[in-house]
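Asks: This is structure.txt (compact mmCIF, N, CA and C atoms).
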# COMPACT_ATOMS: atom_id res chain seq x y z
N MET P 848 13.74 25.58 -15.31
CA MET P 848 12.35 25.22 -15.50
C MET P 848 11.54 26.52 -15.53
N ASN P 849 10.68 26.64 -16.56
CA ASN P 849 9.87 27.84 -16.66
C ASN P 849 8.60 27.70 -15.82
N GLU P 850 7.81 28.77 -15.76
CA GLU P 850 6.62 28.79 -14.91
C GLU P 850 5.58 27.75 -15.34
N THR P 851 5.41 27.56 -16.66
CA THR P 851 4.44 26.58 -17.15
C THR P 851 4.85 25.17 -16.74
N GLN P 852 6.13 24.85 -16.88
CA GLN P 852 6.61 23.53 -16.47
C GLN P 852 6.45 23.33 -14.97
N ALA P 853 6.73 24.36 -14.18
CA ALA P 853 6.59 24.28 -12.73
C ALA P 853 5.14 24.02 -12.33
N LEU P 854 4.20 24.71 -13.00
CA LEU P 854 2.78 24.50 -12.71
C LEU P 854 2.34 23.09 -13.11
N ALA P 855 2.83 22.59 -14.25
CA ALA P 855 2.49 21.23 -14.68
C ALA P 855 3.02 20.21 -13.69
N ARG P 856 4.24 20.40 -13.22
CA ARG P 856 4.82 19.48 -12.24
C ARG P 856 4.03 19.51 -10.94
N ALA P 857 3.65 20.70 -10.49
CA ALA P 857 2.86 20.82 -9.27
C ALA P 857 1.51 20.14 -9.44
N GLY P 858 0.90 20.27 -10.61
CA GLY P 858 -0.38 19.61 -10.88
C GLY P 858 -0.27 18.10 -10.85
N ARG P 859 0.81 17.58 -11.46
CA ARG P 859 1.04 16.12 -11.44
C ARG P 859 1.26 15.63 -10.01
N ALA P 860 2.02 16.39 -9.24
CA ALA P 860 2.27 16.00 -7.84
C ALA P 860 0.98 16.00 -7.04
N ALA P 861 0.14 17.00 -7.26
CA ALA P 861 -1.15 17.05 -6.55
C ALA P 861 -2.02 15.87 -6.95
N GLU P 862 -2.05 15.53 -8.24
CA GLU P 862 -2.85 14.40 -8.71
C GLU P 862 -2.34 13.09 -8.11
N GLU P 863 -1.01 12.91 -8.05
CA GLU P 863 -0.45 11.70 -7.46
C GLU P 863 -0.87 11.55 -6.01
N ASN P 864 -1.00 12.65 -5.30
CA ASN P 864 -1.38 12.60 -3.90
C ASN P 864 -2.87 12.37 -3.70
N ARG P 865 -3.67 12.37 -4.78
CA ARG P 865 -5.09 12.05 -4.68
C ARG P 865 -5.36 10.62 -5.13
N THR P 866 -4.35 9.92 -5.62
CA THR P 866 -4.52 8.57 -6.14
C THR P 866 -4.13 7.56 -5.08
N MET P 867 -5.04 6.64 -4.78
CA MET P 867 -4.70 5.58 -3.83
C MET P 867 -3.63 4.68 -4.44
N ILE P 868 -2.80 4.13 -3.58
CA ILE P 868 -1.66 3.33 -4.02
C ILE P 868 -1.71 1.95 -3.36
N THR P 869 -1.50 0.92 -4.16
CA THR P 869 -1.27 -0.42 -3.64
C THR P 869 0.22 -0.69 -3.79
N ALA P 870 0.85 -1.12 -2.72
CA ALA P 870 2.28 -1.44 -2.75
C ALA P 870 2.46 -2.92 -2.45
N ILE P 871 3.32 -3.54 -3.24
CA ILE P 871 3.72 -4.92 -2.98
C ILE P 871 5.18 -4.88 -2.55
N VAL P 872 5.42 -5.34 -1.34
CA VAL P 872 6.76 -5.28 -0.74
C VAL P 872 7.21 -6.71 -0.48
N GLN P 873 8.44 -7.02 -0.89
CA GLN P 873 8.98 -8.37 -0.70
C GLN P 873 10.42 -8.30 -0.22
N TYR P 874 10.79 -9.26 0.61
CA TYR P 874 12.17 -9.42 1.04
C TYR P 874 12.42 -10.90 1.29
N LYS P 875 13.67 -11.32 1.10
CA LYS P 875 14.07 -12.71 1.29
C LYS P 875 14.38 -12.93 2.77
N LEU P 876 13.77 -13.95 3.32
CA LEU P 876 14.00 -14.28 4.72
C LEU P 876 15.27 -15.12 4.87
N PRO P 877 15.96 -14.99 6.00
CA PRO P 877 17.07 -15.90 6.28
C PRO P 877 16.53 -17.33 6.39
N PRO P 878 17.34 -18.34 6.09
CA PRO P 878 16.87 -19.74 6.07
C PRO P 878 16.26 -20.22 7.39
N HIS P 879 16.67 -19.66 8.52
CA HIS P 879 16.15 -20.12 9.81
C HIS P 879 14.74 -19.60 10.12
N ILE P 880 14.19 -18.69 9.29
CA ILE P 880 12.84 -18.17 9.53
C ILE P 880 11.87 -18.92 8.63
N ASP P 881 11.06 -19.80 9.26
CA ASP P 881 10.06 -20.57 8.52
C ASP P 881 8.70 -19.88 8.65
N LEU P 882 7.66 -20.52 8.12
CA LEU P 882 6.33 -19.93 8.16
C LEU P 882 5.88 -19.64 9.59
N ALA P 883 6.10 -20.58 10.49
CA ALA P 883 5.66 -20.39 11.88
C ALA P 883 6.33 -19.18 12.52
N ALA P 884 7.65 -19.06 12.34
CA ALA P 884 8.38 -17.93 12.92
C ALA P 884 7.96 -16.62 12.26
N CYS P 885 7.79 -16.65 10.95
CA CYS P 885 7.38 -15.46 10.22
C CYS P 885 5.99 -15.01 10.66
N ALA P 886 5.05 -15.96 10.74
CA ALA P 886 3.68 -15.64 11.15
C ALA P 886 3.66 -15.09 12.57
N ALA P 887 4.46 -15.66 13.46
CA ALA P 887 4.52 -15.17 14.84
C ALA P 887 5.01 -13.73 14.88
N HIS P 888 6.03 -13.42 14.08
CA HIS P 888 6.54 -12.04 14.01
C HIS P 888 5.47 -11.11 13.46
N PHE P 889 4.82 -11.52 12.37
CA PHE P 889 3.77 -10.69 11.77
C PHE P 889 2.65 -10.41 12.78
N ARG P 890 2.23 -11.44 13.51
CA ARG P 890 1.15 -11.26 14.47
C ARG P 890 1.55 -10.33 15.61
N ARG P 891 2.83 -10.37 15.97
CA ARG P 891 3.33 -9.49 17.03
C ARG P 891 3.36 -8.03 16.58
N ILE P 892 3.73 -7.77 15.33
CA ILE P 892 3.88 -6.38 14.88
C ILE P 892 2.61 -5.81 14.23
N ALA P 893 1.65 -6.66 13.85
CA ALA P 893 0.46 -6.20 13.13
C ALA P 893 -0.28 -5.06 13.84
N PRO P 894 -0.50 -5.12 15.15
CA PRO P 894 -1.25 -4.01 15.78
C PRO P 894 -0.59 -2.64 15.59
N GLY P 895 0.73 -2.61 15.48
CA GLY P 895 1.43 -1.34 15.30
C GLY P 895 1.11 -0.66 13.98
N PHE P 896 0.61 -1.40 13.02
CA PHE P 896 0.28 -0.80 11.72
C PHE P 896 -1.06 -0.05 11.75
N ARG P 897 -1.81 -0.18 12.82
CA ARG P 897 -3.09 0.54 12.93
C ARG P 897 -2.87 2.04 13.03
N ASP P 898 -1.69 2.47 13.44
CA ASP P 898 -1.42 3.89 13.64
C ASP P 898 -0.54 4.51 12.55
N VAL P 899 -0.30 3.80 11.47
CA VAL P 899 0.56 4.32 10.40
C VAL P 899 -0.24 5.34 9.57
N PRO P 900 0.23 6.57 9.49
CA PRO P 900 -0.50 7.60 8.74
C PRO P 900 -0.69 7.22 7.27
N GLY P 901 -1.93 7.30 6.81
CA GLY P 901 -2.23 7.05 5.41
C GLY P 901 -2.43 5.60 5.03
N LEU P 902 -2.16 4.66 5.94
CA LEU P 902 -2.32 3.24 5.62
C LEU P 902 -3.77 2.83 5.85
N ILE P 903 -4.38 2.25 4.81
CA ILE P 903 -5.76 1.78 4.91
C ILE P 903 -5.78 0.31 5.32
N ARG P 904 -4.91 -0.49 4.70
CA ARG P 904 -4.94 -1.93 4.92
C ARG P 904 -3.58 -2.52 4.62
N LYS P 905 -3.24 -3.59 5.35
CA LYS P 905 -2.02 -4.33 5.04
C LYS P 905 -2.29 -5.82 5.17
N GLN P 906 -1.87 -6.58 4.17
CA GLN P 906 -1.87 -8.04 4.25
C GLN P 906 -0.41 -8.46 4.42
N PHE P 907 -0.14 -9.28 5.41
CA PHE P 907 1.19 -9.81 5.65
C PHE P 907 1.31 -11.10 4.83
N ILE P 908 2.36 -11.24 4.06
CA ILE P 908 2.46 -12.37 3.14
C ILE P 908 3.75 -13.18 3.34
N TYR P 909 3.66 -14.48 3.04
CA TYR P 909 4.79 -15.40 3.14
C TYR P 909 4.66 -16.40 2.00
N ALA P 910 5.78 -16.71 1.35
CA ALA P 910 5.80 -17.72 0.28
C ALA P 910 6.73 -18.86 0.70
N GLU P 911 6.41 -20.06 0.20
CA GLU P 911 7.19 -21.25 0.56
C GLU P 911 8.66 -21.16 0.14
N ASP P 912 8.97 -20.29 -0.82
CA ASP P 912 10.36 -20.16 -1.26
C ASP P 912 11.19 -19.23 -0.37
N GLY P 913 10.59 -18.78 0.77
CA GLY P 913 11.36 -17.98 1.72
C GLY P 913 11.24 -16.49 1.53
N TRP P 914 10.35 -16.04 0.66
CA TRP P 914 10.12 -14.61 0.50
C TRP P 914 8.91 -14.23 1.34
N ALA P 915 8.94 -13.03 1.90
CA ALA P 915 7.84 -12.53 2.71
C ALA P 915 7.69 -11.04 2.45
N GLY P 916 6.69 -10.44 3.07
CA GLY P 916 6.49 -9.01 2.90
C GLY P 916 5.06 -8.61 3.19
N GLY P 917 4.56 -7.69 2.36
CA GLY P 917 3.22 -7.21 2.58
C GLY P 917 2.62 -6.61 1.33
N VAL P 918 1.30 -6.59 1.33
CA VAL P 918 0.54 -5.88 0.31
C VAL P 918 -0.20 -4.79 1.06
N TYR P 919 0.07 -3.55 0.71
CA TYR P 919 -0.43 -2.40 1.44
C TYR P 919 -1.37 -1.59 0.55
N LEU P 920 -2.40 -1.01 1.14
CA LEU P 920 -3.25 -0.05 0.45
C LEU P 920 -3.10 1.28 1.17
N TRP P 921 -2.67 2.29 0.40
CA TRP P 921 -2.36 3.61 0.94
C TRP P 921 -3.34 4.65 0.42
N GLN P 922 -3.61 5.66 1.22
CA GLN P 922 -4.45 6.77 0.78
C GLN P 922 -3.77 7.56 -0.33
N THR P 923 -2.45 7.72 -0.25
CA THR P 923 -1.72 8.51 -1.24
C THR P 923 -0.33 7.94 -1.47
N ARG P 924 0.27 8.31 -2.59
CA ARG P 924 1.66 7.96 -2.88
C ARG P 924 2.58 8.59 -1.84
N ALA P 925 2.30 9.81 -1.45
CA ALA P 925 3.15 10.49 -0.46
C ALA P 925 3.19 9.71 0.85
N ALA P 926 2.05 9.19 1.29
CA ALA P 926 2.02 8.41 2.54
C ALA P 926 2.86 7.14 2.40
N ALA P 927 2.73 6.47 1.25
CA ALA P 927 3.51 5.25 1.02
C ALA P 927 5.01 5.56 1.01
N GLU P 928 5.39 6.57 0.26
CA GLU P 928 6.81 6.90 0.14
C GLU P 928 7.39 7.34 1.48
N ALA P 929 6.61 8.05 2.27
CA ALA P 929 7.09 8.48 3.59
C ALA P 929 7.34 7.27 4.50
N PHE P 930 6.46 6.27 4.42
CA PHE P 930 6.60 5.10 5.26
C PHE P 930 7.81 4.26 4.88
N TYR P 931 8.06 4.10 3.59
CA TYR P 931 9.11 3.19 3.13
C TYR P 931 10.51 3.80 3.21
N THR P 932 10.68 4.77 4.06
CA THR P 932 11.99 5.34 4.36
C THR P 932 12.13 5.35 5.88
N GLY P 933 13.27 5.74 6.37
CA GLY P 933 13.45 5.90 7.80
C GLY P 933 13.42 4.61 8.59
N PRO P 934 12.74 4.62 9.75
CA PRO P 934 12.78 3.49 10.68
C PRO P 934 12.31 2.16 10.08
N TRP P 935 11.26 2.17 9.27
CA TRP P 935 10.77 0.93 8.69
C TRP P 935 11.85 0.30 7.81
N LEU P 936 12.44 1.09 6.93
CA LEU P 936 13.48 0.58 6.03
C LEU P 936 14.69 0.11 6.82
N ASP P 937 15.08 0.87 7.82
CA ASP P 937 16.21 0.46 8.67
C ASP P 937 15.94 -0.88 9.34
N GLY P 938 14.70 -1.09 9.80
CA GLY P 938 14.34 -2.36 10.45
C GLY P 938 14.41 -3.54 9.50
N VAL P 939 13.93 -3.36 8.27
CA VAL P 939 13.99 -4.45 7.28
C VAL P 939 15.44 -4.78 6.96
N ARG P 940 16.25 -3.75 6.76
CA ARG P 940 17.67 -3.98 6.47
C ARG P 940 18.35 -4.72 7.62
N GLU P 941 18.05 -4.33 8.83
CA GLU P 941 18.67 -4.96 10.00
C GLU P 941 18.22 -6.41 10.16
N ARG P 942 16.92 -6.67 10.03
CA ARG P 942 16.40 -8.03 10.24
C ARG P 942 16.75 -8.98 9.11
N TYR P 943 16.72 -8.50 7.86
CA TYR P 943 16.83 -9.41 6.72
C TYR P 943 18.07 -9.19 5.86
N GLY P 944 18.86 -8.17 6.18
CA GLY P 944 20.12 -7.95 5.49
C GLY P 944 19.98 -7.55 4.02
N MET P 945 18.88 -6.93 3.66
CA MET P 945 18.68 -6.50 2.27
C MET P 945 17.69 -5.35 2.22
N ASP P 946 17.73 -4.63 1.10
CA ASP P 946 16.68 -3.66 0.83
C ASP P 946 15.48 -4.41 0.27
N PRO P 947 14.29 -4.08 0.71
CA PRO P 947 13.11 -4.77 0.19
C PRO P 947 12.85 -4.36 -1.26
N GLN P 948 12.17 -5.23 -1.99
CA GLN P 948 11.69 -4.89 -3.32
C GLN P 948 10.32 -4.25 -3.13
N ILE P 949 10.14 -3.04 -3.62
CA ILE P 949 8.89 -2.31 -3.44
C ILE P 949 8.38 -1.88 -4.81
N LYS P 950 7.15 -2.25 -5.12
CA LYS P 950 6.52 -1.82 -6.37
C LYS P 950 5.21 -1.14 -6.02
N LEU P 951 5.03 0.09 -6.53
CA LEU P 951 3.84 0.87 -6.27
C LEU P 951 2.92 0.85 -7.49
N PHE P 952 1.62 0.68 -7.23
CA PHE P 952 0.61 0.64 -8.28
C PHE P 952 -0.48 1.65 -7.96
N GLU P 953 -0.97 2.38 -8.95
CA GLU P 953 -2.15 3.21 -8.76
C GLU P 953 -3.35 2.27 -8.65
N THR P 954 -4.22 2.54 -7.69
CA THR P 954 -5.35 1.66 -7.42
C THR P 954 -6.60 2.23 -8.08
N ALA P 955 -7.09 1.54 -9.12
CA ALA P 955 -8.24 2.02 -9.87
C ALA P 955 -9.55 1.70 -9.16
N CYS P 956 -9.65 0.53 -8.58
CA CYS P 956 -10.84 0.15 -7.81
C CYS P 956 -10.52 -1.09 -6.98
N ILE P 957 -11.41 -1.38 -6.05
CA ILE P 957 -11.20 -2.49 -5.14
C ILE P 957 -12.49 -3.29 -5.06
N THR P 958 -12.42 -4.57 -5.32
CA THR P 958 -13.56 -5.46 -5.06
C THR P 958 -13.37 -6.01 -3.66
N ASP P 959 -14.29 -5.69 -2.77
CA ASP P 959 -14.20 -6.12 -1.38
C ASP P 959 -15.37 -7.04 -1.08
N ASN P 960 -15.15 -8.35 -1.19
CA ASN P 960 -16.21 -9.32 -0.97
C ASN P 960 -16.64 -9.40 0.49
N ALA P 961 -15.76 -9.01 1.41
CA ALA P 961 -16.12 -9.05 2.82
C ALA P 961 -17.28 -8.10 3.13
N ILE P 962 -17.32 -6.97 2.44
CA ILE P 962 -18.43 -6.03 2.65
C ILE P 962 -19.39 -6.02 1.47
N GLY P 963 -19.11 -6.84 0.46
CA GLY P 963 -20.00 -6.95 -0.69
C GLY P 963 -20.06 -5.70 -1.53
N ALA P 964 -18.90 -5.11 -1.83
CA ALA P 964 -18.90 -3.84 -2.56
C ALA P 964 -17.71 -3.74 -3.50
N VAL P 965 -17.88 -2.88 -4.50
CA VAL P 965 -16.77 -2.42 -5.32
C VAL P 965 -16.50 -1.00 -4.87
N LEU P 966 -15.28 -0.74 -4.45
CA LEU P 966 -14.91 0.56 -3.91
C LEU P 966 -14.11 1.33 -4.93
N LEU P 967 -14.48 2.60 -5.10
CA LEU P 967 -13.82 3.46 -6.08
C LEU P 967 -13.06 4.56 -5.36
N PRO P 968 -11.75 4.64 -5.53
CA PRO P 968 -10.96 5.62 -4.79
C PRO P 968 -10.96 7.02 -5.39
N ASP P 969 -11.86 7.32 -6.32
CA ASP P 969 -11.81 8.63 -6.95
C ASP P 969 -12.24 9.77 -6.03
N ALA P 970 -12.74 9.46 -4.86
CA ALA P 970 -13.10 10.50 -3.90
C ALA P 970 -11.88 11.02 -3.15
N ALA P 971 -10.75 10.36 -3.31
CA ALA P 971 -9.55 10.77 -2.58
C ALA P 971 -9.19 12.21 -2.88
N GLY P 972 -8.87 12.94 -1.84
CA GLY P 972 -8.42 14.31 -1.99
C GLY P 972 -9.54 15.31 -2.20
N GLN P 973 -10.78 14.88 -2.26
CA GLN P 973 -11.90 15.79 -2.46
C GLN P 973 -12.40 16.28 -1.10
N PRO P 974 -12.85 17.53 -1.01
CA PRO P 974 -13.40 18.02 0.26
C PRO P 974 -14.55 17.14 0.72
N GLY P 975 -14.56 16.83 1.99
CA GLY P 975 -15.64 16.04 2.56
C GLY P 975 -15.52 14.55 2.32
N ALA P 976 -14.42 14.09 1.70
CA ALA P 976 -14.23 12.66 1.47
C ALA P 976 -14.10 11.94 2.80
N SER P 977 -14.53 10.70 2.84
CA SER P 977 -14.44 9.94 4.08
C SER P 977 -12.98 9.69 4.44
N ARG P 978 -12.76 9.29 5.68
CA ARG P 978 -11.40 9.01 6.15
C ARG P 978 -10.73 7.99 5.25
N ARG P 979 -11.47 6.99 4.79
CA ARG P 979 -10.89 5.96 3.94
C ARG P 979 -10.85 6.41 2.48
N ARG P 980 -11.51 7.50 2.18
CA ARG P 980 -11.47 8.08 0.85
C ARG P 980 -11.93 7.11 -0.24
N LEU P 981 -12.96 6.37 0.07
CA LEU P 981 -13.52 5.43 -0.90
C LEU P 981 -15.01 5.70 -1.02
N ARG P 982 -15.57 5.38 -2.16
CA ARG P 982 -17.02 5.39 -2.26
C ARG P 982 -17.45 4.08 -2.86
N GLN P 983 -18.62 3.65 -2.51
CA GLN P 983 -19.13 2.36 -2.97
C GLN P 983 -19.82 2.53 -4.31
N SER P 984 -19.65 1.53 -5.16
CA SER P 984 -20.29 1.53 -6.47
C SER P 984 -21.29 0.39 -6.55
N THR P 985 -22.34 0.61 -7.31
CA THR P 985 -23.30 -0.44 -7.56
C THR P 985 -23.25 -0.87 -9.03
N VAL P 986 -22.19 -0.50 -9.71
CA VAL P 986 -22.03 -0.83 -11.13
C VAL P 986 -21.81 -2.33 -11.32
N SER P 987 -22.48 -2.90 -12.31
CA SER P 987 -22.26 -4.31 -12.63
C SER P 987 -20.90 -4.48 -13.29
N VAL P 988 -20.25 -5.58 -12.99
CA VAL P 988 -18.91 -5.84 -13.53
C VAL P 988 -18.99 -6.97 -14.54
N PRO P 989 -18.52 -6.73 -15.78
CA PRO P 989 -18.55 -7.80 -16.78
C PRO P 989 -17.52 -8.89 -16.45
N ALA P 990 -17.70 -10.06 -17.04
CA ALA P 990 -16.82 -11.20 -16.78
C ALA P 990 -15.41 -10.97 -17.30
N GLU P 991 -15.24 -10.23 -18.38
CA GLU P 991 -13.90 -10.03 -18.92
C GLU P 991 -13.21 -8.90 -18.18
N GLY P 992 -11.90 -8.83 -18.28
CA GLY P 992 -11.15 -7.76 -17.61
C GLY P 992 -9.66 -7.96 -17.82
N CYS P 993 -8.90 -7.28 -16.97
CA CYS P 993 -7.44 -7.36 -17.05
C CYS P 993 -6.95 -8.75 -16.80
Write the structure described by the file as structure tokens, please.
Replies:
Amino acid sequence: MNETQALARAGRAAEENRTMITAIVQYKLPPHIDLAACAAHFRRIAPGFRDVPGLIRKQFIYAEDGWAGGVYLWQTRAAAEAFYTGPWLDGVRERYGMDPQIKLFETACITDNAIGAVLLPDAAGQPGASRRRLRQSTVSVPAEGC
């Protein structure tokens, strides 16, 4: 790899670390774990996610077909990738006997009706950015979209 390619790769890596990431994680539960048991487990472990570096938010999810997991919002791809290795992955493998399905998405914006705002993650990685690395927008949103 020449110097130009190395600089381009470093630039892409830096840009990836400034982009917020939404991760959808799924795993198949054993048949003996129903919604009640799954919810009880989630409620027991939820407080521990408050201290996960780079994690902004996690929704714990369960589907009637026996799949469960989470939807996570991360400050950076690096934070997400660091979490989905090591002890967390070992725990999922041990409890559910499989590797989880993990899909990472770049997060362009967030509509947060609880606070009545559209949040734009473009402040991520900028000096002086807030801990959550979001800024609020007052832009009107048209009815059409993705």
Asks: So which one's closest to P:Asp946, P:Leu920, P:Phe930, P:Gln873, P:Ile903? Using all atoms listed in the file, please.
Replies: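 Selected residue with least distance to P:Asp946: P:Gln873.
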Asks: Considering all atoms listed in the file, return as a list in words whatever protein or nucleic-acid residues lie within 6 Å of P:Gln948, sequence-local ones (same chain, fewer than 4 positions apart) excluded.
Replies: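 Here the answer would be Ile871, Val872, Gln873 and Tyr874 of chain P.
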Asks: Using all atoms listed in the file, collect all residues at a distance of at most 8 Å from (8.3, -11.8, 2.9) as written in the file, then present them as a list in words.
Replies: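 Looking at atoms near the point gives Val872, Gln873, Tyr874, Lys875, Leu876, Phe907, Ile908, Tyr909, Ala910, Gly913, Trp914, Ala915, Gly916 and Gly917 of chain P.
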Asks: Using only C-alpha atoms, which residue out of P:Glu953, P:Pro947, P:Arg890, P:Gly901 lies closest to P:Ala929?
Replies: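 Checking each of P:Glu953, P:Pro947, P:Arg890, P:Gly901 against P:Ala929, counting only C-alpha atoms, the winner is P:Gly901.
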Asks: As a ChimeraX atom specification, please: every residue in stretch 861-936 of chain P that DSSP puts in strand (DSSP E or B).
Replies: /P:868-875,902-909,914-921
Asks: Could you jot down the atom N of P:Lys905 to atom N of P:Ala887 separation for me, Å, one decimal place?
Replies: 16.5 Å
Asks: State, in Å with one decimal place, the distance from atom CA of P:Asp898 to atom CA of P:Ile949.
Replies: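 Calculated distance between atom CA of P:Asp898 and atom CA of P:Ile949 is 20.9 Å.
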Asks: Just the alpha helix (DSSP H) stuff from stretch 870-985 of chain P, please, per backbone DSSP, written as a PyMOL selection string.
Replies: chain P and resi 882-892+924-930+934-943
Asks: Please write the residues from the selection above to a file, keeping N, CA and C atoms, as a PDB file, in the coordinates of the input.
Replies:
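And here is the file that came out, part.pdb:
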ATOM      1  N   LEU P 882       7.660 -20.520   8.120  1.00  0.00           N
ATOM      2  CA  LEU P 882       6.330 -19.930   8.160  1.00  0.00           C
ATOM      3  C   LEU P 882       5.880 -19.640   9.590  1.00  0.00           C
ATOM      4  N   ALA P 883       6.100 -20.580  10.490  1.00  0.00           N
ATOM      5  CA  ALA P 883       5.660 -20.390  11.880  1.00  0.00           C
ATOM      6  C   ALA P 883       6.330 -19.180  12.520  1.00  0.00           C
ATOM      7  N   ALA P 884       7.650 -19.060  12.340  1.00  0.00           N
ATOM      8  CA  ALA P 884       8.380 -17.930  12.920  1.00  0.00           C
ATOM      9  C   ALA P 884       7.960 -16.620  12.260  1.00  0.00           C
ATOM     10  N   CYS P 885       7.790 -16.650  10.950  1.00  0.00           N
ATOM     11  CA  CYS P 885       7.380 -15.460  10.220  1.00  0.00           C
ATOM     12  C   CYS P 885       5.990 -15.010  10.660  1.00  0.00           C
ATOM     13  N   ALA P 886       5.050 -15.960  10.740  1.00  0.00           N
ATOM     14  CA  ALA P 886       3.680 -15.640  11.150  1.00  0.00           C
ATOM     15  C   ALA P 886       3.660 -15.090  12.570  1.00  0.00           C
ATOM     16  N   ALA P 887       4.460 -15.660  13.460  1.00  0.00           N
ATOM     17  CA  ALA P 887       4.520 -15.170  14.840  1.00  0.00           C
ATOM     18  C   ALA P 887       5.010 -13.730  14.880  1.00  0.00           C
ATOM     19  N   HIS P 888       6.030 -13.420  14.080  1.00  0.00           N
ATOM     20  CA  HIS P 888       6.540 -12.040  14.010  1.00  0.00           C
ATOM     21  C   HIS P 888       5.470 -11.110  13.460  1.00  0.00           C
ATOM     22  N   PHE P 889       4.820 -11.520  12.370  1.00  0.00           N
ATOM     23  CA  PHE P 889       3.770 -10.690  11.770  1.00  0.00           C
ATOM     24  C   PHE P 889       2.650 -10.410  12.780  1.00  0.00           C
ATOM     25  N   ARG P 890       2.230 -11.440  13.510  1.00  0.00           N
ATOM     26  CA  ARG P 890       1.150 -11.260  14.470  1.00  0.00           C
ATOM     27  C   ARG P 890       1.550 -10.330  15.610  1.00  0.00           C
ATOM     28  N   ARG P 891       2.830 -10.370  15.970  1.00  0.00           N
ATOM     29  CA  ARG P 891       3.330  -9.490  17.030  1.00  0.00           C
ATOM     30  C   ARG P 891       3.360  -8.030  16.580  1.00  0.00           C
ATOM     31  N   ILE P 892       3.730  -7.770  15.330  1.00  0.00           N
ATOM     32  CA  ILE P 892       3.880  -6.380  14.880  1.00  0.00           C
ATOM     33  C   ILE P 892       2.610  -5.810  14.230  1.00  0.00           C
ATOM     34  N   ARG P 924       0.270   8.310  -2.590  1.00  0.00           N
ATOM     35  CA  ARG P 924       1.660   7.960  -2.880  1.00  0.00           C
ATOM     36  C   ARG P 924       2.580   8.590  -1.840  1.00  0.00           C
ATOM     37  N   ALA P 925       2.300   9.810  -1.450  1.00  0.00           N
ATOM     38  CA  ALA P 925       3.150  10.490  -0.460  1.00  0.00           C
ATOM     39  C   ALA P 925       3.190   9.710   0.850  1.00  0.00           C
ATOM     40  N   ALA P 926       2.050   9.190   1.290  1.00  0.00           N
ATOM     41  CA  ALA P 926       2.020   8.410   2.540  1.00  0.00           C
ATOM     42  C   ALA P 926       2.860   7.140   2.400  1.00  0.00           C
ATOM     43  N   ALA P 927       2.730   6.470   1.250  1.00  0.00           N
ATOM     44  CA  ALA P 927       3.510   5.250   1.020  1.00  0.00           C
ATOM     45  C   ALA P 927       5.010   5.560   1.010  1.00  0.00           C
ATOM     46  N   GLU P 928       5.390   6.570   0.260  1.00  0.00           N
ATOM     47  CA  GLU P 928       6.810   6.900   0.140  1.00  0.00           C
ATOM     48  C   GLU P 928       7.390   7.340   1.480  1.00  0.00           C
ATOM     49  N   ALA P 929       6.610   8.050   2.270  1.00  0.00           N
ATOM     50  CA  ALA P 929       7.090   8.480   3.590  1.00  0.00           C
ATOM     51  C   ALA P 929       7.340   7.270   4.500  1.00  0.00           C
ATOM     52  N   PHE P 930       6.460   6.270   4.420  1.00  0.00           N
ATOM     53  CA  PHE P 930       6.600   5.100   5.260  1.00  0.00           C
ATOM     54  C   PHE P 930       7.810   4.260   4.880  1.00  0.00           C
ATOM     55  N   PRO P 934      12.740   4.620   9.750  1.00  0.00           N
ATOM     56  CA  PRO P 934      12.780   3.490  10.680  1.00  0.00           C
ATOM     57  C   PRO P 934      12.310   2.160  10.080  1.00  0.00           C
ATOM     58  N   TRP P 935      11.260   2.170   9.270  1.00  0.00           N
ATOM     59  CA  TRP P 935      10.770   0.930   8.690  1.00  0.00           C
ATOM     60  C   TRP P 935      11.850   0.300   7.810  1.00  0.00           C
ATOM     61  N   LEU P 936      12.440   1.090   6.930  1.00  0.00           N
ATOM     62  CA  LEU P 936      13.480   0.580   6.030  1.00  0.00           C
ATOM     63  C   LEU P 936      14.690   0.110   6.820  1.00  0.00           C
ATOM     64  N   ASP P 937      15.080   0.870   7.820  1.00  0.00           N
ATOM     65  CA  ASP P 937      16.210   0.460   8.670  1.00  0.00           C
ATOM     66  C   ASP P 937      15.940  -0.880   9.340  1.00  0.00           C
ATOM     67  N   GLY P 938      14.700  -1.090   9.800  1.00  0.00           N
ATOM     68  CA  GLY P 938      14.340  -2.360  10.450  1.00  0.00           C
ATOM     69  C   GLY P 938      14.410  -3.540   9.500  1.00  0.00           C
ATOM     70  N   VAL P 939      13.930  -3.360   8.270  1.00  0.00           N
ATOM     71  CA  VAL P 939      13.990  -4.450   7.280  1.00  0.00           C
ATOM     72  C   VAL P 939      15.440  -4.780   6.960  1.00  0.00           C
ATOM     73  N   ARG P 940      16.250  -3.750   6.760  1.00  0.00           N
ATOM     74  CA  ARG P 940      17.670  -3.980   6.470  1.00  0.00           C
ATOM     75  C   ARG P 940      18.350  -4.720   7.620  1.00  0.00           C
ATOM     76  N   GLU P 941      18.050  -4.330   8.830  1.00  0.00           N
ATOM     77  CA  GLU P 941      18.670  -4.960  10.000  1.00  0.00           C
ATOM     78  C   GLU P 941      18.220  -6.410  10.160  1.00  0.00           C
ATOM     79  N   ARG P 942      16.920  -6.670  10.030  1.00  0.00           N
ATOM     80  CA  ARG P 942      16.400  -8.030  10.240  1.00  0.00           C
ATOM     81  C   ARG P 942      16.750  -8.980   9.110  1.00  0.00           C
ATOM     82  N   TYR P 943      16.720  -8.500   7.860  1.00  0.00           N
ATOM     83  CA  TYR P 943      16.830  -9.410   6.720  1.00  0.00           C
ATOM     84  C   TYR P 943      18.070  -9.190   5.860  1.00  0.00           C
TER      85      TYR P 943
END
Asks: Pick from P:Glu928, P:Asp959, P:Glu941, P:Asp881: nearest to P:Leu902, with only C-alpha atoms counted?
Replies: P:Glu928
Asks: I'd like to know which of P:Trp935, P:Glu911, P:Thr923, P:Arg940 is closest to P:Met867, using only N, CA and C atoms.
Replies: P:Thr923
